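Source file: final_1.csv; contents: CSV, C-alpha atoms.
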```
chain,number,residue,atom,x,y,z
B,1,MET,CA,7.1,24.7,22.4
B,2,PRO,CA,6.3,25.7,18.8
B,3,ASP,CA,9.1,26.8,16.6
B,4,PRO,CA,8.9,30.6,16.4
B,5,GLN,CA,9.9,30.5,12.7
B,6,ASP,CA,7.1,28.0,12.0
B,7,PRO,CA,4.4,28.4,14.7
B,8,GLN,CA,1.8,26.4,12.8
B,9,GLY,CA,4.1,23.5,12.2
B,10,VAL,CA,3.8,23.7,8.4
B,11,VAL,CA,7.4,22.9,7.7
B,12,ALA,CA,7.5,19.9,10.0
B,13,ALA,CA,4.2,18.6,8.5
B,14,LEU,CA,5.6,18.8,5.0
B,15,GLN,CA,8.8,17.0,6.0
B,16,ASP,CA,6.7,14.3,7.6
B,17,LEU,CA,4.8,13.8,4.3
B,18,ASP,CA,8.1,13.5,2.5
B,19,TYR,CA,9.2,10.5,4.7
B,20,GLY,CA,6.2,9.2,6.5
B,21,ILE,CA,6.0,8.7,10.2
B,22,ALA,CA,5.8,5.6,12.3
B,23,GLY,CA,5.7,6.8,15.9
B,24,ALA,CA,8.9,8.8,16.3
B,25,GLU,CA,10.6,6.9,13.5
B,26,ARG,CA,10.9,8.4,10.0
B,27,VAL,CA,10.2,5.9,7.3
B,28,THR,CA,10.7,6.1,3.5
B,29,TYR,CA,7.9,5.6,1.0
B,30,LYS,CA,8.6,2.6,-1.3
B,31,THR,CA,6.8,1.3,-4.4
B,32,ALA,CA,6.3,-2.1,-5.9
B,33,LEU,CA,4.8,-3.1,-9.3
B,34,LEU,CA,3.2,-6.4,-10.3
B,35,ASN,CA,1.5,-7.8,-13.4
B,36,ALA,CA,-0.4,-10.7,-11.8
B,37,THR,CA,-1.8,-13.4,-14.1
B,38,ALA,CA,-2.2,-16.5,-11.9
B,39,SER,CA,-5.2,-17.3,-9.8
B,40,GLY,CA,-4.5,-17.2,-6.1
B,41,ASN,CA,-1.6,-15.5,-4.2
B,42,THR,CA,1.2,-13.7,-5.9
B,43,GLU,CA,3.8,-11.9,-3.7
B,44,LEU,CA,3.7,-8.1,-4.2
B,45,VAL,CA,6.2,-7.1,-1.4
B,46,ALA,CA,8.5,-9.6,0.3
B,47,ALA,CA,8.3,-10.0,4.1
B,48,VAL,CA,10.6,-7.8,6.2
B,49,THR,CA,11.8,-9.3,9.4
B,50,GLY,CA,10.3,-7.4,12.4
B,51,ARG,CA,8.3,-5.0,10.2
B,52,ARG,CA,4.8,-4.6,8.9
B,53,ILE,CA,4.1,-3.5,5.3
B,54,ARG,CA,1.7,-0.6,5.5
B,55,VAL,CA,-0.1,0.3,2.2
B,56,VAL,CA,-0.6,4.0,1.7
B,57,GLY,CA,-1.4,4.0,-2.0
B,58,LEU,CA,-2.8,1.4,-4.4
B,59,LEU,CA,-3.7,1.4,-8.1
B,60,VAL,CA,-5.2,-1.8,-9.6
B,61,THR,CA,-6.4,-2.3,-13.2
B,62,ASN,CA,-7.8,-5.3,-15.0
B,63,GLU,CA,-6.6,-5.6,-18.5
B,64,GLY,CA,-8.3,-8.9,-19.3
B,65,ALA,CA,-11.6,-9.8,-20.9
B,66,ALA,CA,-13.2,-11.3,-17.7
B,67,VAL,CA,-14.3,-9.9,-14.4
B,68,ILE,CA,-11.6,-10.7,-11.8
B,69,ALA,CA,-11.9,-10.7,-8.0
B,70,PHE,CA,-9.0,-8.9,-6.3
B,71,LYS,CA,-7.9,-8.6,-2.6
B,72,LEU,CA,-4.7,-8.0,-0.6
B,73,GLN,CA,-3.4,-10.5,1.9
B,74,SER,CA,-0.9,-10.6,4.8
B,75,ALA,CA,0.7,-13.9,3.9
B,76,THR,CA,-2.6,-15.9,3.5
B,77,THR,CA,-4.9,-13.8,5.7
B,78,ASP,CA,-7.2,-11.3,4.0
B,79,ILE,CA,-6.5,-7.7,4.9
B,80,THR,CA,-8.9,-6.1,2.4
B,81,ALA,CA,-12.4,-6.9,1.1
B,82,THR,CA,-12.7,-8.7,-2.2
B,83,HIS,CA,-13.2,-6.2,-5.1
B,84,ASP,CA,-14.6,-7.3,-8.4
B,85,LEU,CA,-12.6,-5.6,-11.3
B,86,ALA,CA,-14.7,-5.0,-14.4
B,87,ALA,CA,-13.3,-6.5,-17.7
B,88,ASP,CA,-11.1,-4.4,-20.0
B,89,GLY,CA,-9.8,-1.7,-17.8
B,90,GLY,CA,-11.9,-1.9,-14.6
B,91,GLY,CA,-10.0,-1.0,-11.4
B,92,PHE,CA,-9.5,1.4,-8.6
B,93,ASN,CA,-7.1,3.9,-7.1
B,94,ILE,CA,-6.7,4.5,-3.4
B,95,HIS,CA,-4.4,7.0,-1.6
B,96,ARG,CA,-4.6,7.3,2.2
B,97,LEU,CA,-1.9,9.7,3.1
B,98,PRO,CA,-1.2,10.6,5.9
B,99,ALA,CA,-3.2,7.5,7.1
B,100,PHE,CA,-3.0,4.1,5.5
B,101,TYR,CA,-5.3,1.6,3.7
B,102,CYS,CA,-4.2,-1.7,5.2
B,103,GLN,CA,-1.1,-3.4,6.7
B,104,THR,CA,0.4,-6.9,7.0
B,105,ALA,CA,1.2,-8.7,10.2
B,106,VAL,CA,4.7,-8.2,11.5
B,107,GLY,CA,7.1,-10.2,9.3
B,108,ALA,CA,4.5,-11.2,6.7
B,109,ALA,CA,4.6,-10.6,2.9
B,110,LEU,CA,2.1,-8.5,1.1
B,111,ASN,CA,0.3,-10.6,-1.5
B,112,ALA,CA,-2.1,-9.8,-4.3
B,113,ASN,CA,-4.8,-12.5,-4.6
B,114,LEU,CA,-6.8,-13.0,-7.9
B,115,GLY,CA,-10.0,-15.0,-7.9
B,116,ALA,CA,-9.3,-16.3,-11.5
B,117,THR,CA,-6.5,-16.1,-14.1
B,118,GLY,CA,-6.3,-12.8,-15.9
B,119,THR,CA,-4.0,-9.8,-16.3
B,120,VAL,CA,-4.2,-7.4,-13.4
B,121,GLY,CA,-1.7,-4.6,-12.9
B,122,VAL,CA,-1.0,-3.5,-9.3
B,123,ASP,CA,1.1,-0.5,-8.3
B,124,VAL,CA,1.5,-0.1,-4.5
B,125,THR,CA,3.1,2.6,-2.4
B,126,TYR,CA,4.0,1.5,1.1
B,127,VAL,CA,6.2,2.0,4.2
B,128,GLU,CA,7.8,-0.5,6.5
B,129,VAL,CA,6.9,0.0,10.1
```
Let me see whether you can do it: turn the structure in this file into structure tokens.
Amino acid sequence: MPDPQDPQGVVAALQDLDYGIAGAERVTYKTALLNATASGNTELVAAVTGRRIRVVGLLVTNEGAAVIAFKLQSATTDITATHDLAADGGGFNIHRLPAFYCQTAVGAALNANLGATGTVGVDVTYVEV
């Protein structure tokens, strides 16, 4: 039965955007920042026992002089395609609210993976579900 004070559900929808929804459970948006320089995996968000890390926003920039391949991984399994970041400021920005971009396996860390050494900044917004 709709709320007579909010028949369109606008208030409830705005509240859900404030906290995120995982089924009937409210979740809190969190952020993590990383300046990755090493080739291979670098942990972006530590594993959470019994939870997935669901990425809802991502900003990636390459500050180095060489093209760098970038992807996200659940532990060591790819969960995004490989994206080539142009030198000197190449990057991308993804926001998927209220949906999500990608997620880890249950209990797995979220890793950034660089195809070569360089300087890549990563800002991620995520929820634990």
Considering all atoms listed in the file, can you say which of B:Ile79, B:Leu85, B:Val55, B:Val27 comes closest to Val120 (chain B)? B:Leu85
Around (-6.6, -10.4, -16.3), as given in the file, which residues come within 6 Å? Count all atoms listed in the file and list them as a list of chain:residue names. B:Asn62, B:Glu63, B:Gly64, B:Gly118, B:Thr119, B:Val120
Selected residues, C-alpha atoms, written as an mmCIF file, in the coordinates of the input, please.
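Written output follows (again-v4.cif):
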```
data_model
loop_
_atom_site.group_PDB
_atom_site.id
_atom_site.type_symbol
_atom_site.label_atom_id
_atom_site.label_comp_id
_atom_site.auth_asym_id
_atom_site.auth_seq_id
_atom_site.Cartn_x
_atom_site.Cartn_y
_atom_site.Cartn_z
ATOM 1 C CA ASN B 62 -7.800 -5.300 -15.000
ATOM 2 C CA GLU B 63 -6.600 -5.600 -18.500
ATOM 3 C CA GLY B 64 -8.300 -8.900 -19.300
ATOM 4 C CA GLY B 118 -6.300 -12.800 -15.900
ATOM 5 C CA THR B 119 -4.000 -9.800 -16.300
ATOM 6 C CA VAL B 120 -4.200 -7.400 -13.400
#
```
Identify which of the residues B:Ile94, B:Ile68, B:Ala81, B:Leu58 lies closest to Thr37 (chain B), counting all atoms listed in the file when measuring atom-to-atom distances.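 Smallest separation from Thr37 (chain B) among the options: B:Ile68.
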Would you mind telling me which residue in B:Thr77, B:Thr82, B:Asn93, B:Thr125 lies nearest to Ala108 (chain B) when using only C-alpha atoms?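 Among the listed residues, the smallest separation from Ala108 (chain B) belongs to B:Thr77.
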Skipping near chain neighbours, those fewer than 4 positions away, what residues fall within 12 Å of Phe92 (chain B) using only C-alpha atoms, listed as JSON, numbers by chain? {"B": [57, 58, 59, 60, 61, 62, 70, 71, 83, 84, 85, 86, 120, 121, 122, 123, 124]}
Within 9 Å of (4.9, -6.4, -4.2), in the coordinates the file gives, what residues turn up when you count all atoms listed in the file, written out as a list in words?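 The residues that fall inside the cut-off are Thr31, Ala32, Leu33, Leu34, Thr42, Glu43, Leu44, Val45, Ala46, Ala109, Leu110, Asn111, Ala112, Val122, Asp123 and Val124 of chain B.
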Write the residues you've just listed into a file as a compact mmCIF listing (two decimals), in the frame of the given file, and include C-alpha atoms for each of them.
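Just written: out-v2.txt:
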```txt
# COMPACT_ATOMS: atom_id res chain seq x y z
CA THR B 31 6.80 1.30 -4.40
CA ALA B 32 6.30 -2.10 -5.90
CA LEU B 33 4.80 -3.10 -9.30
CA LEU B 34 3.20 -6.40 -10.30
CA THR B 42 1.20 -13.70 -5.90
CA GLU B 43 3.80 -11.90 -3.70
CA LEU B 44 3.70 -8.10 -4.20
CA VAL B 45 6.20 -7.10 -1.40
CA ALA B 46 8.50 -9.60 0.30
CA ALA B 109 4.60 -10.60 2.90
CA LEU B 110 2.10 -8.50 1.10
CA ASN B 111 0.30 -10.60 -1.50
CA ALA B 112 -2.10 -9.80 -4.30
CA VAL B 122 -1.00 -3.50 -9.30
CA ASP B 123 1.10 -0.50 -8.30
CA VAL B 124 1.50 -0.10 -4.50
```
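In this model, the gap between CA of Arg51 (chain B) and CA of Gly107 (chain B) comes to 5.4 Å.
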Could you check which of B:Val56, B:Ala75, B:Ala38, B:Val127 is closest to Pro98 (chain B), using all atoms listed in the file? B:Val56
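Among the candidates B:Tyr126, B:Thr28, B:Ala65, B:Thr49, the one nearest to Arg96 (chain B) when counting all atoms listed in the file is B:Tyr126.
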In Å, how far is it from CA of Val106 (chain B) to CA of Ala36 (chain B)?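 Rounded to one decimal, the two atoms are 24.0 Å apart.
CA of Asn41 (chain B) lies 21.0 Å from CA of Gly89 (chain B).
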Box for region 108-123 of chain B - axis-aligned, 6 Å on each of the six sides, all listed atoms - centre and size in Å to one decimal, as lines of an AutoDock Vina configuration file.
```
center_x = -2.7
center_y = -8.4
center_z = -4.8
size_x = 26.6
size_y = 27.8
size_z = 35.0
```
